[in-house]
>>> print(open('work_22.pdb').read())   # PDB, C-alpha atoms
ATOM      1  CA  MET A   1     -54.706  98.603  94.440  1.00  0.00           C
ATOM      2  CA  ASP A   2     -57.785  99.728  96.330  1.00  0.00           C
ATOM      3  CA  THR A   3     -59.703  96.931  98.092  1.00  0.00           C
ATOM      4  CA  THR A   4     -63.028  97.967  96.556  1.00  0.00           C
ATOM      5  CA  LYS A   5     -61.525  97.884  93.080  1.00  0.00           C
ATOM      6  CA  GLN A   6     -60.011  94.462  93.763  1.00  0.00           C
ATOM      7  CA  MET A   7     -63.383  93.142  94.931  1.00  0.00           C
ATOM      8  CA  SER A   8     -65.070  94.555  91.848  1.00  0.00           C
ATOM      9  CA  GLU A   9     -62.490  92.982  89.534  1.00  0.00           C
ATOM     10  CA  THR A  10     -62.800  89.663  91.364  1.00  0.00           C
ATOM     11  CA  MET A  11     -66.592  89.689  90.996  1.00  0.00           C
ATOM     12  CA  ASP A  12     -66.264  90.609  87.306  1.00  0.00           C
ATOM     13  CA  THR A  13     -63.918  87.654  86.818  1.00  0.00           C
ATOM     14  CA  LEU A  14     -66.234  85.306  88.712  1.00  0.00           C
ATOM     15  CA  LEU A  15     -69.187  86.489  86.610  1.00  0.00           C
ATOM     16  CA  GLU A  16     -67.248  85.792  83.406  1.00  0.00           C
ATOM     17  CA  ILE A  17     -66.348  82.305  84.649  1.00  0.00           C
ATOM     18  CA  SER A  18     -69.999  81.787  85.616  1.00  0.00           C
ATOM     19  CA  LYS A  19     -71.097  82.761  82.112  1.00  0.00           C
ATOM     20  CA  LEU A  20     -68.510  80.491  80.499  1.00  0.00           C
ATOM     21  CA  LEU A  21     -69.840  77.613  82.586  1.00  0.00           C
ATOM     22  CA  ASN A  22     -73.447  78.500  81.687  1.00  0.00           C
ATOM     23  CA  THR A  23     -74.521  78.588  85.328  1.00  0.00           C
ATOM     24  CA  GLY A  24     -77.409  80.936  84.607  1.00  0.00           C
ATOM     25  CA  LEU A  25     -76.509  83.055  87.629  1.00  0.00           C
ATOM     26  CA  ASP A  26     -76.819  86.811  87.289  1.00  0.00           C
ATOM     27  CA  ALA A  27     -74.375  89.195  88.984  1.00  0.00           C
ATOM     28  CA  GLU A  28     -76.595  89.757  92.017  1.00  0.00           C
ATOM     29  CA  THR A  29     -77.206  86.045  92.623  1.00  0.00           C
ATOM     30  CA  LEU A  30     -73.538  85.249  92.159  1.00  0.00           C
ATOM     31  CA  ASN A  31     -72.636  87.977  94.638  1.00  0.00           C
ATOM     32  CA  VAL A  32     -75.023  86.494  97.218  1.00  0.00           C
ATOM     33  CA  CYS A  33     -73.482  83.048  96.668  1.00  0.00           C
ATOM     34  CA  VAL A  34     -69.988  84.453  97.204  1.00  0.00           C
ATOM     35  CA  GLN A  35     -71.088  86.236 100.366  1.00  0.00           C
ATOM     36  CA  LEU A  36     -72.623  83.031 101.703  1.00  0.00           C
ATOM     37  CA  CYS A  37     -69.388  81.165 100.986  1.00  0.00           C
ATOM     38  CA  GLU A  38     -67.424  83.872 102.784  1.00  0.00           C
ATOM     39  CA  LEU A  39     -69.706  83.371 105.789  1.00  0.00           C
ATOM     40  CA  GLY A  40     -68.826  79.681 105.818  1.00  0.00           C
ATOM     41  CA  VAL A  41     -71.856  78.186 104.072  1.00  0.00           C
ATOM     42  CA  ASN A  42     -70.974  74.984 102.236  1.00  0.00           C
ATOM     43  CA  PRO A  43     -70.799  75.751  98.463  1.00  0.00           C
ATOM     44  CA  GLU A  44     -72.343  72.376  97.649  1.00  0.00           C
ATOM     45  CA  ALA A  45     -75.308  73.233  99.868  1.00  0.00           C
ATOM     46  CA  ILE A  46     -75.723  76.541  98.021  1.00  0.00           C
ATOM     47  CA  ALA A  47     -75.649  74.722  94.674  1.00  0.00           C
ATOM     48  CA  THR A  48     -78.212  72.201  95.916  1.00  0.00           C
ATOM     49  CA  VAL A  49     -80.565  74.961  97.049  1.00  0.00           C
ATOM     50  CA  ILE A  50     -80.236  76.787  93.717  1.00  0.00           C
ATOM     51  CA  LYS A  51     -80.977  73.580  91.804  1.00  0.00           C
ATOM     52  CA  GLU A  52     -84.000  72.884  94.010  1.00  0.00           C
ATOM     53  CA  ILE A  53     -85.359  76.413  93.544  1.00  0.00           C
ATOM     54  CA  ARG A  54     -84.934  76.113  89.775  1.00  0.00           C
ATOM     55  CA  MET A  55     -86.690  72.748  89.745  1.00  0.00           C
ATOM     56  CA  GLN A  56     -89.581  74.054  91.845  1.00  0.00           C
ATOM     57  CA  THR A  57     -89.891  77.135  89.619  1.00  0.00           C
ATOM     58  CA  PHE A  58     -89.971  74.937  86.518  1.00  0.00           C
ATOM     59  CA  ASN A  59     -92.625  72.696  88.065  1.00  0.00           C
ATOM     60  CA  LEU A  60     -94.795  75.677  89.014  1.00  0.00           C
ATOM     61  CA  LYS A  61     -94.524  77.099  85.503  1.00  0.00           C
ATOM     62  CA  GLU A  62     -95.488  73.729  84.030  1.00  0.00           C
ATOM     63  CA  GLN A  63     -98.502  73.486  86.342  1.00  0.00           C
ATOM     64  CA  THR A  64     -99.734  76.962  85.451  1.00  0.00           C
ATOM     65  CA  LYS A  65     -99.421  76.346  81.691  1.00  0.00           C
ATOM     66  CA  GLY A  66    -102.500  74.140  81.761  1.00  0.00           C
ATOM     67  CA  VAL A  67    -104.559  76.540  83.863  1.00  0.00           C
ATOM     68  CA  ASP A  68    -107.292  78.276  81.852  1.00  0.00           C
ATOM     69  CA  LYS A  69    -106.967  81.967  82.664  1.00  0.00           C
ATOM     70  CA  THR A  70    -110.438  82.798  81.238  1.00  0.00           C
ATOM     71  CA  LYS A  71    -112.303  81.197  84.141  1.00  0.00           C
TER      72      LYS A  71
END
>>> encode(input="work_22.pdb", output="structure tokens")
Amino acid sequence: MDTTKQMSETMDTLLEISKLLNTGLDAETLNVCVQLCELGVNPEAIATVIKEIRMQTFNLKEQTKGVDKTK
């Protein structure tokens, strides 16, 4: 089997697992996470960063809800 096809099938499988686990990661984000892991980045560190980004995004959205956009 061709290496590119194997990689594609592996990513498809990982995306399905990600969906089953309700990670909220899209294909592009998951691919970046896999690449970081392949480069030796600690997977727990990646997960921590993703959680922090999500929390900061949520907080920013909550802060902007109360802002009056008519001013």
>>> atom_distance(input="work_22.pdb", atom1="atom CA of Gln35 of chain A", atom2="atom CA of Leu60 of chain A")
28.3 Å
>>> closest_residue(input="work_22.pdb", among="A:Pro43, A:Gly24, A:Glu52, A:Leu30", to="Asp12 of chain A", atoms="only C-alpha atoms")
A:Leu30
>>> closest_residue(input="work_22.pdb", among="A:Asn31, A:Thr10, A:Thr23, A:Gln63", to="Lys51 of chain A", atoms="only C-alpha atoms")
A:Thr23
>>> resolve_selection(input="work_22.pdb", expression="the PyMOL selection byres ((chain A and resi 34) around 12)", output="list of chain:residue names")
A:Met7, A:Thr10, A:Met11, A:Leu14, A:Leu15, A:Ser18, A:Leu25, A:Ala27, A:Glu28, A:Thr29, A:Leu30, A:Asn31, A:Val32, A:Cys33, A:Gln35, A:Leu36, A:Cys37, A:Glu38, A:Leu39, A:Gly40, A:Val41, A:Asn42, A:Pro43, A:Ile46, A:Ala47
>>> atom_distance(input="work_22.pdb", atom1="atom CA of Glu62 of chain A", atom2="atom CA of Lys19 of chain A")
26.1 Å
>>> atom_distance(input="work_22.pdb", atom1="atom CA of Lys61 of chain A", atom2="atom CA of Asp26 of chain A")
20.3 Å
>>> axis_aligned_box(input="work_22.pdb", around="segment 62-65 of chain A", padding_each_side="6 Å", output="AutoDock Vina command-line options")
--center_x -97.6 --center_y 75.2 --center_z 84.0 --size_x 16.2 --size_y 15.5 --size_z 16.7
